[in-house]
>>> print(open('run_33.cif').read())   # mmCIF, C-alpha atoms
data_query
#
loop_
_atom_site.label_atom_id
_atom_site.label_comp_id
_atom_site.auth_asym_id
_atom_site.auth_seq_id
_atom_site.Cartn_x
_atom_site.Cartn_y
_atom_site.Cartn_z
CA MET A 29 91.40 -75.66 123.88
CA LYS A 30 88.03 -74.00 123.38
CA LEU A 31 87.05 -70.42 122.82
CA LYS A 32 84.51 -68.95 125.19
CA GLN A 33 81.15 -68.86 123.46
CA GLY A 34 79.94 -65.34 122.79
CA SER A 35 83.39 -63.80 123.17
CA PHE A 36 84.64 -61.47 120.47
CA LEU A 37 87.07 -64.01 119.00
CA TRP A 38 84.31 -66.56 118.84
CA TYR A 39 82.60 -64.42 116.19
CA LEU A 40 85.68 -64.28 113.95
CA TYR A 41 86.39 -66.90 111.33
CA LEU A 42 89.26 -68.02 109.15
CA ASP A 43 89.20 -68.31 105.40
CA LYS A 44 89.13 -72.09 104.99
CA LEU A 45 91.54 -72.17 102.10
CA TYR A 46 94.29 -69.89 103.34
CA CYS A 47 93.55 -70.08 107.05
CA LEU A 48 93.81 -66.33 107.50
CA LEU A 49 91.40 -63.65 108.62
CA SER A 50 89.52 -61.52 106.14
CA VAL A 51 90.22 -57.80 105.89
CA ARG A 52 87.07 -56.98 107.78
CA ASN A 53 87.99 -59.36 110.57
CA VAL A 54 91.50 -57.95 110.77
CA LYS A 55 90.08 -54.45 111.04
CA ALA A 56 87.91 -55.55 113.95
CA LEU A 57 90.87 -57.32 115.54
CA VAL A 58 93.00 -54.19 115.29
CA GLU A 59 90.32 -52.26 117.16
CA TYR A 60 90.16 -54.96 119.79
CA PHE A 61 93.92 -54.97 120.25
CA HIS A 62 93.87 -51.21 120.52
CA LEU A 63 91.29 -51.47 123.31
CA LEU A 64 93.55 -53.82 125.24
CA ASP A 65 96.65 -51.71 124.56
CA VAL A 66 96.21 -49.79 127.79
CA HIS A 67 99.67 -48.24 127.98
CA ARG A 68 99.66 -47.09 124.38
CA LYS A 69 102.76 -49.04 123.43
CA LYS A 70 101.11 -51.08 120.68
CA THR A 71 101.86 -54.15 122.77
CA LEU A 72 100.37 -56.30 125.51
CA ASN A 73 102.48 -57.13 128.51
CA ASP A 74 102.38 -60.53 130.19
CA VAL A 75 99.66 -59.57 132.70
CA LEU A 76 97.29 -58.18 130.09
CA PHE A 77 98.04 -61.12 127.81
CA TYR A 78 97.33 -63.61 130.58
CA HIS A 79 94.00 -62.05 131.49
CA PHE A 80 92.99 -61.81 127.84
CA LEU A 81 93.70 -65.48 127.12
CA HIS A 82 92.25 -66.58 130.43
CA HIS A 83 89.05 -64.72 129.63
CA VAL A 84 88.53 -65.97 126.09
CA THR A 85 89.80 -69.56 126.32
CA ASP A 86 89.93 -72.43 128.79
CA LEU A 87 93.73 -72.57 128.82
CA LYS A 88 95.49 -73.00 132.16
CA ARG A 89 98.06 -70.64 133.60
CA ASN A 90 101.09 -72.73 132.61
CA GLN A 91 99.73 -73.15 129.08
CA ILE A 92 99.21 -69.40 128.77
CA THR A 93 102.77 -68.86 129.93
CA ILE A 94 104.03 -71.31 127.30
CA VAL A 95 102.06 -69.49 124.62
CA PHE A 96 103.40 -66.13 125.74
CA ASN A 97 106.99 -67.34 125.66
CA MET A 98 106.40 -68.87 122.25
CA LEU A 99 105.05 -65.62 120.82
CA ASP A 100 107.54 -63.32 122.49
CA TRP A 101 110.08 -64.20 119.86
CA ASN A 102 112.09 -61.03 120.49
CA ALA A 103 112.18 -61.73 124.20
CA VAL A 104 111.02 -58.21 125.12
CA GLY A 105 108.32 -59.34 127.52
CA GLU A 106 105.54 -57.93 125.36
CA ILE A 107 103.39 -59.11 122.47
CA GLY A 108 102.85 -56.91 119.42
CA PHE A 109 99.98 -57.04 116.98
CA ASP A 110 101.79 -59.39 114.56
CA GLN A 111 102.15 -62.02 117.26
CA PHE A 112 98.62 -61.35 118.47
CA TYR A 113 97.26 -61.90 114.99
CA MET A 114 99.22 -65.13 114.68
CA LEU A 115 97.81 -66.36 117.99
CA VAL A 116 94.25 -65.55 116.97
CA CYS A 117 94.69 -67.50 113.73
CA ILE A 118 96.03 -70.50 115.66
CA LEU A 119 93.14 -70.36 118.14
CA LEU A 120 90.57 -70.07 115.38
CA ALA A 121 92.18 -72.90 113.42
CA GLN A 122 91.85 -75.14 116.43
CA GLU A 123 88.33 -73.98 117.19
CA ASN A 124 87.23 -74.74 113.63
CA HIS A 125 89.22 -78.01 113.28
CA LEU A 126 91.55 -76.63 110.64
CA GLU A 127 94.83 -77.59 112.31
CA GLU A 128 96.21 -79.63 109.40
CA GLN A 129 95.35 -76.99 106.88
CA PHE A 130 96.78 -74.26 109.04
CA ILE A 131 100.08 -76.06 109.54
CA PHE A 132 100.23 -76.85 105.83
CA ARG A 133 99.51 -73.28 104.75
CA HIS A 134 101.78 -71.66 107.29
CA SER A 135 104.46 -74.28 107.77
CA ARG A 136 107.30 -71.79 107.98
CA PRO A 137 105.90 -69.59 110.76
CA VAL A 138 104.69 -72.66 112.66
CA PHE A 139 108.13 -74.24 112.37
CA GLU A 140 109.74 -71.06 113.67
CA LEU A 141 107.33 -70.97 116.58
CA LEU A 142 108.06 -74.58 117.48
CA ASP A 143 111.80 -73.99 117.14
CA LEU A 144 112.03 -72.25 120.49
CA ASP A 145 115.82 -72.48 120.74
CA GLY A 146 116.43 -71.20 117.24
CA GLU A 147 118.40 -74.27 116.24
CA LEU A 148 116.47 -74.69 112.97
CA LYS A 149 115.48 -78.18 114.11
CA ILE A 150 112.60 -79.42 116.19
CA GLY A 151 112.43 -82.52 118.31
CA PRO A 152 109.58 -84.49 119.88
CA SER A 153 109.74 -82.33 123.00
CA ASN A 154 108.81 -79.26 120.94
CA PHE A 155 105.72 -80.98 119.63
CA HIS A 156 104.75 -82.25 123.08
CA MET A 157 105.07 -78.80 124.57
CA TYR A 158 102.66 -77.26 122.07
CA ASN A 159 100.35 -80.19 121.62
CA PHE A 160 97.46 -78.29 123.21
CA LEU A 161 97.75 -75.73 120.40
CA PHE A 162 98.55 -77.72 117.29
CA LYS A 163 97.01 -81.06 118.24
CA ILE A 164 99.50 -83.33 116.55
CA LYS A 165 98.54 -86.79 117.78
CA LYS A 166 100.98 -89.34 119.16
CA GLN A 167 100.55 -91.69 116.23
CA GLN A 168 101.16 -88.83 113.87
CA LEU A 169 104.33 -87.96 115.74
CA ARG A 170 105.58 -91.52 115.47
CA ASP A 171 104.86 -91.55 111.75
CA LEU A 172 106.48 -88.17 111.50
CA TYR A 173 109.79 -89.32 112.84
CA HIS A 174 109.63 -92.70 111.21
CA ASP A 175 108.86 -91.44 107.71
CA PHE A 176 110.33 -87.97 107.57
CA ASP A 177 113.44 -87.96 109.69
CA ILE A 178 115.59 -88.37 106.63
CA THR A 179 118.77 -87.19 108.30
CA GLY A 180 118.21 -89.68 111.10
CA ASP A 181 119.05 -87.34 113.95
CA CYS A 182 115.60 -87.69 115.57
CA ARG A 183 114.97 -84.06 114.83
CA LEU A 184 113.30 -82.38 111.89
CA ASN A 185 114.70 -79.55 109.87
CA TYR A 186 112.33 -77.32 107.93
CA LYS A 187 112.31 -79.37 104.73
CA GLU A 188 111.44 -82.54 106.60
CA PHE A 189 108.75 -80.69 108.49
CA LYS A 190 107.35 -79.31 105.24
CA LEU A 191 107.16 -82.83 103.79
CA PHE A 192 105.27 -83.88 106.88
CA THR A 193 102.74 -81.05 106.47
CA ILE A 194 102.15 -81.98 102.82
CA PHE A 195 101.66 -85.59 103.75
CA SER A 196 99.27 -84.90 106.61
CA MET A 197 97.32 -82.46 104.41
CA ASN A 198 96.88 -85.18 101.77
CA LYS A 199 95.73 -87.59 104.43
CA TYR A 200 93.27 -85.03 105.79
CA GLN A 201 91.82 -84.36 102.32
CA GLU A 202 91.41 -88.08 101.68
CA SER A 203 89.60 -88.53 104.97
CA GLN A 204 87.32 -85.61 104.13
CA LYS A 205 86.55 -87.19 100.74
CA ALA A 206 85.76 -90.49 102.40
CA VAL A 207 83.40 -88.81 104.84
CA LYS A 208 81.61 -87.02 101.99
CA GLU A 209 81.25 -90.25 100.04
CA GLU A 210 79.81 -92.00 103.07
CA LYS A 211 77.25 -89.24 103.43
CA ALA A 212 76.39 -89.39 99.71
CA VAL A 213 75.78 -93.18 99.69
CA PRO A 214 72.57 -93.20 101.78
CA LYS A 215 71.15 -90.44 99.56
CA ARG A 216 71.79 -92.51 96.43
CA ARG A 217 70.13 -95.51 98.05
CA LYS A 218 67.08 -93.40 98.79
CA CYS A 219 66.96 -92.17 95.19
CA HIS A 220 67.12 -95.75 93.82
CA LYS A 221 64.29 -96.82 96.09
CA LEU A 222 62.09 -94.02 94.75
CA MET B 14 67.31 -18.21 114.34
CA GLU B 15 64.39 -18.20 116.72
CA GLU B 16 62.80 -15.21 115.01
CA LYS B 17 62.40 -16.91 111.65
CA PRO B 18 59.61 -19.33 112.58
CA PHE B 19 57.57 -16.52 114.17
CA LYS B 20 58.03 -14.28 111.12
CA ALA B 21 56.98 -17.12 108.85
CA LEU B 22 53.96 -17.78 111.00
CA ALA B 23 52.89 -14.12 110.82
CA LYS B 24 53.29 -14.13 107.04
CA SER B 25 51.29 -17.28 106.59
CA SER B 26 48.40 -16.10 108.73
CA GLY B 27 48.41 -12.74 106.92
CA HIS B 28 48.60 -14.27 103.45
CA ARG B 29 45.85 -16.77 103.90
CA GLY B 30 43.69 -14.53 106.02
CA SER B 31 41.96 -17.61 107.19
CA GLY B 32 41.52 -16.45 110.76
CA LYS B 33 42.03 -20.04 111.79
CA SER B 34 43.68 -20.81 115.06
CA SER B 35 47.51 -20.89 115.06
CA PRO B 36 47.96 -24.50 116.35
CA HIS B 37 46.98 -25.83 112.92
CA ASP B 38 49.72 -23.74 111.31
CA ILE B 39 52.20 -24.76 113.97
CA ARG B 40 51.46 -28.40 113.30
CA ASN B 41 52.17 -27.81 109.63
CA LEU B 42 55.40 -26.09 110.52
CA TRP B 43 56.58 -29.04 112.61
CA THR B 44 55.69 -31.40 109.78
CA THR B 45 57.75 -29.44 107.28
CA ALA B 46 60.50 -29.01 109.89
CA THR B 47 61.09 -32.76 110.15
CA GLN B 48 61.04 -33.09 106.38
CA SER B 49 63.62 -30.36 106.02
CA GLN B 50 66.26 -32.25 107.99
CA PRO B 51 68.20 -33.53 104.97
CA LYS B 52 69.69 -30.14 104.20
CA LEU B 53 72.82 -31.09 106.03
CA ASN B 54 76.31 -31.07 104.74
CA VAL B 55 77.92 -31.48 108.11
CA ALA B 56 80.10 -34.48 108.90
CA LEU B 57 78.25 -37.11 110.84
CA PRO B 58 79.16 -37.35 114.53
CA THR B 59 81.65 -40.07 115.17
CA VAL B 60 80.82 -43.27 116.93
CA ARG B 61 84.38 -44.57 117.20
CA GLU B 62 86.24 -41.93 119.10
CA ASP B 63 89.55 -43.64 118.52
CA SER B 64 89.53 -42.98 114.82
CA GLU B 65 88.98 -39.31 115.49
CA LEU B 66 91.81 -39.25 117.96
CA GLU B 67 94.28 -40.57 115.46
CA GLY B 68 93.14 -38.01 112.93
CA SER B 69 92.20 -40.75 110.53
CA SER B 70 90.17 -40.05 107.43
CA VAL B 71 86.77 -41.56 107.02
CA GLY B 72 88.41 -44.28 104.96
CA GLY B 73 90.16 -45.50 108.10
CA LYS B 74 93.71 -45.38 106.75
CA THR B 75 95.33 -45.48 110.14
CA ARG B 76 93.99 -48.95 110.66
CA TRP B 77 96.48 -50.12 108.04
CA SER B 78 99.25 -47.96 109.38
CA TYR B 79 98.80 -49.38 112.85
CA ASN B 80 102.43 -50.22 113.25
CA GLN B 81 103.66 -47.00 111.80
CA GLY B 82 101.85 -43.83 112.47
CA ARG B 83 100.25 -43.84 115.87
CA GLU B 84 101.66 -41.57 118.54
CA SER B 85 102.11 -43.30 121.83
CA ASP B 86 101.09 -41.16 124.68
CA ASP B 87 99.59 -41.79 128.02
CA GLY B 88 96.73 -39.44 127.39
CA GLU B 89 93.87 -41.80 127.88
CA ASP B 90 92.13 -38.92 129.64
CA LYS B 91 92.75 -36.83 126.57
CA ASP B 92 91.42 -39.70 124.53
CA SER B 93 88.20 -39.72 126.46
CA PHE B 94 87.68 -35.95 126.49
CA LYS B 95 88.49 -35.05 122.88
CA PRO B 96 85.83 -37.25 121.23
CA GLU B 97 83.17 -35.97 123.65
CA GLU B 98 83.94 -32.40 122.68
CA LEU B 99 83.85 -33.31 119.00
CA ASP B 100 80.54 -35.07 119.39
CA GLU B 101 79.01 -32.11 121.18
CA HIS B 102 80.36 -29.72 118.59
CA ALA B 103 79.06 -31.79 115.73
CA LEU B 104 75.69 -32.12 117.42
CA MET B 105 75.47 -28.38 117.93
CA GLU B 106 76.26 -27.81 114.28
CA LEU B 107 73.54 -30.25 113.33
CA GLU B 108 71.03 -28.42 115.51
CA MET B 109 71.97 -25.04 114.06
CA ARG B 110 71.68 -26.22 110.53
CA ARG B 111 68.35 -27.83 111.23
CA GLY B 112 67.14 -24.53 112.59
CA SER B 113 68.33 -22.56 109.55
CA SER B 114 66.89 -25.08 107.13
CA LEU B 115 63.65 -24.98 109.07
CA GLY B 116 63.45 -21.21 108.64
CA GLY B 117 64.37 -21.49 104.97
CA SER B 118 61.84 -24.14 104.19
CA LEU B 119 59.11 -22.27 106.01
CA GLU B 120 59.63 -19.18 103.90
CA GLU B 121 59.50 -21.26 100.74
CA ASP B 122 56.35 -23.07 101.77
CA ASP B 123 54.53 -19.89 102.50
CA SER B 124 54.76 -18.69 98.90
CA LYS B 125 52.69 -21.30 97.03
CA THR B 126 50.86 -24.44 98.09
CA ASP B 127 51.99 -26.39 95.00
CA ASP B 128 55.61 -25.57 95.65
CA GLU B 129 54.99 -26.53 99.23
CA ASN B 130 53.83 -29.98 98.21
CA ALA B 131 56.69 -30.43 95.76
CA SER B 132 59.32 -29.40 98.28
CA SER B 133 57.81 -31.60 100.96
CA VAL B 134 57.83 -34.59 98.60
CA SER B 135 61.42 -33.97 97.53
CA SER B 136 62.59 -33.38 101.07
CA LEU B 137 60.74 -36.50 102.14
CA SER B 138 62.55 -38.52 99.51
CA ILE B 139 65.85 -37.00 100.59
CA SER B 140 65.06 -37.71 104.24
CA LYS B 141 64.57 -41.35 103.29
CA HIS B 142 68.13 -41.45 102.01
CA THR B 143 69.74 -39.62 104.92
CA PRO B 144 69.77 -42.60 107.30
CA HIS B 145 71.02 -44.74 104.42
CA ARG B 146 73.88 -42.37 103.88
CA ALA B 147 74.85 -42.52 107.53
CA TYR B 148 74.57 -46.28 107.45
CA TRP B 149 76.75 -46.45 104.35
CA VAL B 150 79.40 -44.21 105.88
CA GLU B 151 79.47 -46.34 108.99
CA GLN B 152 79.75 -49.50 106.99
CA GLN B 153 82.64 -48.12 104.97
CA SER B 154 84.80 -46.81 107.75
CA ARG B 155 83.59 -47.96 111.11
CA LEU B 156 82.72 -51.14 112.88
CA PRO B 157 79.05 -51.86 113.57
CA LEU B 158 77.87 -50.62 116.93
CA PRO B 159 76.89 -54.02 118.32
CA LEU B 160 80.39 -55.32 117.61
CA THR B 161 81.98 -52.25 119.15
CA GLU B 162 79.84 -52.71 122.22
CA LEU B 163 80.78 -56.36 122.52
CA MET B 164 84.47 -55.54 122.20
CA GLU B 165 84.34 -52.76 124.76
CA ASN B 166 82.41 -54.82 127.28
CA GLU B 167 84.81 -57.69 126.94
CA ALA B 168 87.85 -55.41 127.14
CA LEU B 169 86.42 -53.86 130.30
CA GLU B 170 86.03 -57.25 131.94
CA ILE B 171 89.57 -58.27 131.01
CA LEU B 172 91.11 -54.98 132.10
CA THR B 173 89.22 -54.94 135.40
CA LYS B 174 90.76 -58.31 136.26
CA ALA B 175 94.14 -57.06 135.08
CA LEU B 176 93.80 -54.07 137.39
CA ARG B 177 93.41 -56.39 140.36
CA SER B 178 96.61 -58.16 139.34
CA TYR B 179 98.41 -54.84 138.94
CA ARG B 180 97.31 -53.72 142.40
CA SER B 181 98.38 -56.93 144.05
CA GLU B 182 101.69 -57.25 142.20
CA ILE B 183 103.00 -53.72 141.76
CA GLY B 184 100.80 -51.80 144.16
CA ARG B 185 98.07 -49.18 143.87
CA ASP B 186 100.46 -46.24 143.64
CA HIS B 187 102.48 -47.47 140.71
CA PHE B 188 102.07 -45.28 137.63
CA LEU B 189 101.07 -48.26 135.47
CA THR B 190 98.28 -49.14 137.91
CA LYS B 191 97.03 -45.57 137.88
CA GLN B 192 97.24 -45.44 134.11
CA LEU B 193 95.19 -48.61 133.81
CA GLN B 194 92.67 -47.32 136.31
CA ARG B 195 92.21 -44.05 134.42
CA TYR B 196 91.86 -45.96 131.17
CA ILE B 197 89.16 -48.19 132.62
CA GLU B 198 87.27 -45.18 133.93
CA GLY B 199 87.48 -43.53 130.53
CA LEU B 200 86.20 -46.64 128.86
CA LYS B 201 83.26 -46.86 131.30
CA ARG B 202 82.39 -43.22 130.74
CA ARG B 203 82.39 -43.72 126.99
CA ARG B 204 80.22 -46.79 127.29
CA ASN B 205 77.72 -45.07 129.58
CA LYS B 206 77.51 -42.11 127.26
CA ARG B 207 76.77 -44.36 124.33
CA LEU B 208 74.09 -46.18 126.33
CA GLN B 209 72.46 -42.87 127.21
CA VAL B 210 72.41 -41.84 123.56
CA MET B 211 70.85 -45.16 122.58
CA VAL B 212 68.15 -44.84 125.23
CA ILE B 213 67.23 -41.38 123.92
#
>>> encode(input="run_33.cif", output="C-alpha cells")
Amino acid sequence: MKLKQGSFLWYLYLDKLYCLLSVRNVKALVEYFHLLDVHRKKTLNDVLFYHFLHHVTDLKRNQITIVFNMLDWNAVGEIGFDQFYMLVCILLAQENHLEEQFIFRHSRPVFELLDLDGELKIGPSNFHMYNFLFKIKKQQLRDLYHDFDITGDCRLNYKEFKLFTIFSMNKYQESQKAVKEEKAVPKRRKCHKL
Amino acid sequence: MEEKPFKALAKSSGHRGSGKSSPHDIRNLWTTATQSQPKLNVALPTVREDSELEGSSVGGKTRWSYNQGRESDDGEDKDSFKPEELDEHALMELEMRRGSSLGGSLEEDDSKTDDENASSVSSLSISKHTPHRAYWVEQQSRLPLPLTELMENEALEILTKALRSYRSEIGRDHFLTKQLQRYIEGLKRRRNKRLQVMVI
C-alpha cells in the first residue's frame, strides 16, 4: 500500500515513538474529515469512504471493502472520526515503515480490529486478510504461532498477541541497531586512515 | 466620511498659504492614509468559514468538541451563504474604519509638522505589526491557507467522483444525490471566491 504523493495525507506524519498524530495534524485531519462529511452526520458512508481511499492510496476495491468492514465495528454502515483517525494512523505507519512500532504501541486496538468475529482470539486467516495493512510476513506468522501459541489452539488470545508484539519490537530495534553500526563502521575506518 | 478629507485639504492649503498645487497635498494625504491603517480594532475577516458557522471562538474550541457539539443539518447552502455575508460585513467595517481613521489622522497632521512626522513614524511601526498580528491569529486558530486549499481541492475531486457513483447507484433525483451536488457547488463557489481574493 502506498499513499498518493502530494495528497493531503501524504503531508501528515506520525510521532515515531508513540505512532500517533500530533495535535496540529489532528486539527488538520478534523477539518479534512469535515470537508468529506457531506451529509453532516459526522460520518462517511461506504461510497464516500471508497472514493476517499481510492483517491489517496493504491488499494483495490476488495481491499477497501475489507478495510471498511474492519473499521465499521458497530456495523452501522458508516465510519466516524475515531475510526477514520485510526485508519490514517495505520496508513501512515505503513507509509513510514513503522508497522512493528505501531502494532507494539497499539496492540489492543489492533487486536480488536483483527478479531473480526469478536471471539477474543485471532487465527492465521485474520492475519492473512489484513496482511496488506499490517505487513506481517509469512515467516513472522510461523514464528508467531510456533513461539507464542501457548494454549496450543492455533489461535492467539490478547496476551499471546501482546507477547508477540513485544518480541517483534525487540527484533526490530536490534535490526535498527545493527544497521546503524554498519553505517558507523565505514566512517571509523575513514577516520583511522586520516 | 467623504467630507473629512476635503475639509482637511482646505485647512491645510489655508494654513500653509503656499499656493502650491493641490496634487502635492493629495499625495501626502494618500501617504498618511496608508500609514493610518492600523487603527483597527475590528475582528479580522475569517478565512475558514466553517469555524464561523459553528460559532467557534478564535481558539477553535469546537475542533475538540467535534463529536459533541456540532449541529447536524443539511444546510450546506446556508453554510456557503453565511460566511460570505460575514466576510462582506467585516470588509465593510474595515473600509469604514479606515475612512474614519484617515479623516482623524489628516486633522492631526495638519496641526504641526513635527507631530505629523511623529504620528507617521508611530503609525508606520504599528502598520508593520498589523500583518504580523493577522498572521499570529491565523496560526493560533486556523489552518494555513495553502493547506486549506490542498484539502479543499482534494475533497472536491473525491466528492465529484462520489457524485457520479451516487447518480449511477441511487439516481439523480435522490435527496442524497442532490445534497451532495449542492455541497459540491458550494465548495466550488467558496474556492473560486478565495481565488479571486488572492488574485486581487
>>> atom_distance(input="run_33.cif", atom1="atom CA of Lys174 of chain B", atom2="atom CA of His79 of chain A")
6.9 Å
>>> interface_residues(input="run_33.cif", of="chain A", to="chain B", cutoff="8 Å", atoms="only C-alpha atoms", output="list in words")
Ser35, Phe36, Lys55, Ala56, Val58, Tyr60, Leu63, Leu64, Val66, His67, Arg68, Lys69, Lys70, Val75, Leu76, His79, Phe80 and His83 of chain A
>>> resolve_selection(input="run_33.cif", expression="the PyMOL selection byres ((chain A and resi 46) around 10)", output="list in words")
Leu42, Asp43, Lys44, Leu45, Cys47, Leu48, Leu49, Gln129, Phe130, Phe132, Arg133 and His134 of chain A
>>> residues_around(input="run_33.cif", residues="segment 154-158 of chain A", least_positions_apart="3", cutoff="10 Å", atoms="all atoms listed in the file", output="PyMOL selection string")
chain A and resi 91+94-95+98+139+141-145+149-151+161-166+169+183
>>> atom_distance(input="run_33.cif", atom1="atom CA of Ala103 of chain A", atom2="atom CA of Pro137 of chain A")
16.8 Å
>>> decode(input="run_33.cif", residues="segment 126-134 of chain A", atoms="all heavy atoms", output="PDB file, in the first residue's frame")
ATOM      1  N   LEU A 126       6.682   1.917   9.891  1.00  0.00           N
ATOM      2  CA  LEU A 126       6.615   1.863  11.362  1.00  0.00           C
ATOM      3  C   LEU A 126       5.618   0.805  11.814  1.00  0.00           C
ATOM      4  O   LEU A 126       5.030   0.928  12.889  1.00  0.00           O
ATOM      5  CB  LEU A 126       6.183   3.230  11.907  1.00  0.00           C
ATOM      6  CG  LEU A 126       7.157   4.387  11.727  1.00  0.00           C
ATOM      7  CD1 LEU A 126       6.480   5.703  12.086  1.00  0.00           C
ATOM      8  CD2 LEU A 126       8.392   4.192  12.589  1.00  0.00           C
ATOM      9  N   GLU A 127       5.456  -0.252  11.024  1.00  0.00           N
ATOM     10  CA  GLU A 127       4.408  -1.236  11.335  1.00  0.00           C
ATOM     11  C   GLU A 127       4.649  -1.907  12.681  1.00  0.00           C
ATOM     12  O   GLU A 127       3.731  -2.035  13.498  1.00  0.00           O
ATOM     13  CB  GLU A 127       4.323  -2.315  10.249  1.00  0.00           C
ATOM     14  CG  GLU A 127       3.868  -1.807   8.887  1.00  0.00           C
ATOM     15  CD  GLU A 127       5.041  -1.528   7.965  1.00  0.00           C
ATOM     16  OE1 GLU A 127       6.134  -1.273   8.490  1.00  0.00           O
ATOM     17  OE2 GLU A 127       4.863  -1.565   6.747  1.00  0.00           O
ATOM     18  N   GLU A 128       5.891  -2.340  12.920  1.00  0.00           N
ATOM     19  CA  GLU A 128       6.184  -3.048  14.177  1.00  0.00           C
ATOM     20  C   GLU A 128       5.938  -2.151  15.376  1.00  0.00           C
ATOM     21  O   GLU A 128       5.325  -2.572  16.366  1.00  0.00           O
ATOM     22  CB  GLU A 128       7.652  -3.524  14.206  1.00  0.00           C
ATOM     23  CG  GLU A 128       7.944  -4.725  13.323  1.00  0.00           C
ATOM     24  CD  GLU A 128       8.375  -4.295  11.931  1.00  0.00           C
ATOM     25  OE1 GLU A 128       8.315  -3.088  11.654  1.00  0.00           O
ATOM     26  OE2 GLU A 128       8.790  -5.168  11.139  1.00  0.00           O
ATOM     27  N   GLN A 129       6.403  -0.928  15.255  1.00  0.00           N
ATOM     28  CA  GLN A 129       6.206   0.006  16.366  1.00  0.00           C
ATOM     29  C   GLN A 129       4.732   0.288  16.592  1.00  0.00           C
ATOM     30  O   GLN A 129       4.275   0.384  17.729  1.00  0.00           O
ATOM     31  CB  GLN A 129       6.926   1.327  16.078  1.00  0.00           C
ATOM     32  CG  GLN A 129       8.285   1.392  16.719  1.00  0.00           C
ATOM     33  CD  GLN A 129       9.054   2.573  16.210  1.00  0.00           C
ATOM     34  OE1 GLN A 129       9.411   2.653  15.043  1.00  0.00           O
ATOM     35  NE2 GLN A 129       9.323   3.497  17.082  1.00  0.00           N
ATOM     36  N   PHE A 130       4.013   0.437  15.493  1.00  0.00           N
ATOM     37  CA  PHE A 130       2.596   0.749  15.618  1.00  0.00           C
ATOM     38  C   PHE A 130       1.855  -0.397  16.308  1.00  0.00           C
ATOM     39  O   PHE A 130       1.069  -0.180  17.235  1.00  0.00           O
ATOM     40  CB  PHE A 130       1.995   1.008  14.230  1.00  0.00           C
ATOM     41  CG  PHE A 130       0.559   1.421  14.279  1.00  0.00           C
ATOM     42  CD1 PHE A 130       0.215   2.749  14.515  1.00  0.00           C
ATOM     43  CD2 PHE A 130      -0.460   0.498  14.142  1.00  0.00           C
ATOM     44  CE1 PHE A 130      -1.108   3.139  14.580  1.00  0.00           C
ATOM     45  CE2 PHE A 130      -1.786   0.882  14.206  1.00  0.00           C
ATOM     46  CZ  PHE A 130      -2.110   2.206  14.434  1.00  0.00           C
ATOM     47  N   ILE A 131       2.140  -1.604  15.883  1.00  0.00           N
ATOM     48  CA  ILE A 131       1.451  -2.763  16.478  1.00  0.00           C
ATOM     49  C   ILE A 131       1.852  -2.909  17.944  1.00  0.00           C
ATOM     50  O   ILE A 131       1.031  -3.246  18.803  1.00  0.00           O
ATOM     51  CB  ILE A 131       1.773  -4.055  15.698  1.00  0.00           C
ATOM     52  CG1 ILE A 131       1.195  -3.964  14.282  1.00  0.00           C
ATOM     53  CG2 ILE A 131       1.201  -5.279  16.391  1.00  0.00           C
ATOM     54  CD1 ILE A 131       1.587  -5.112  13.393  1.00  0.00           C
ATOM     55  N   PHE A 132       3.108  -2.604  18.240  1.00  0.00           N
ATOM     56  CA  PHE A 132       3.570  -2.695  19.629  1.00  0.00           C
ATOM     57  C   PHE A 132       2.863  -1.656  20.497  1.00  0.00           C
ATOM     58  O   PHE A 132       2.389  -1.955  21.588  1.00  0.00           O
ATOM     59  CB  PHE A 132       5.080  -2.506  19.679  1.00  0.00           C
ATOM     60  CG  PHE A 132       5.636  -2.333  21.060  1.00  0.00           C
ATOM     61  CD1 PHE A 132       5.653  -3.392  21.960  1.00  0.00           C
ATOM     62  CD2 PHE A 132       6.130  -1.109  21.481  1.00  0.00           C
ATOM     63  CE1 PHE A 132       6.147  -3.235  23.237  1.00  0.00           C
ATOM     64  CE2 PHE A 132       6.634  -0.941  22.754  1.00  0.00           C
ATOM     65  CZ  PHE A 132       6.639  -2.000  23.631  1.00  0.00           C
ATOM     66  N   ARG A 133       2.830  -0.425  19.991  1.00  0.00           N
ATOM     67  CA  ARG A 133       2.253   0.669  20.782  1.00  0.00           C
ATOM     68  C   ARG A 133       0.749   0.554  20.937  1.00  0.00           C
ATOM     69  O   ARG A 133       0.176   0.996  21.934  1.00  0.00           O
ATOM     70  CB  ARG A 133       2.574   2.025  20.114  1.00  0.00           C
ATOM     71  CG  ARG A 133       4.005   2.455  20.263  1.00  0.00           C
ATOM     72  CD  ARG A 133       4.266   2.982  21.633  1.00  0.00           C
ATOM     73  NE  ARG A 133       5.679   3.221  21.852  1.00  0.00           N
ATOM     74  CZ  ARG A 133       6.215   3.454  23.029  1.00  0.00           C
ATOM     75  NH1 ARG A 133       5.462   3.468  24.110  1.00  0.00           N
ATOM     76  NH2 ARG A 133       7.509   3.671  23.149  1.00  0.00           N
ATOM     77  N   HIS A 134       0.111   0.008  19.927  1.00  0.00           N
ATOM     78  CA  HIS A 134      -1.358  -0.027  19.931  1.00  0.00           C
ATOM     79  C   HIS A 134      -1.852  -1.454  19.766  1.00  0.00           C
ATOM     80  O   HIS A 134      -2.745  -1.728  18.949  1.00  0.00           O
ATOM     81  CB  HIS A 134      -1.877   0.877  18.799  1.00  0.00           C
ATOM     82  CG  HIS A 134      -1.284   2.243  18.838  1.00  0.00           C
ATOM     83  ND1 HIS A 134      -1.574   3.148  19.838  1.00  0.00           N
ATOM     84  CD2 HIS A 134      -0.391   2.851  18.020  1.00  0.00           C
ATOM     85  CE1 HIS A 134      -0.885   4.255  19.609  1.00  0.00           C
ATOM     86  NE2 HIS A 134      -0.162   4.107  18.529  1.00  0.00           N
TER      87      HIS A 134
END
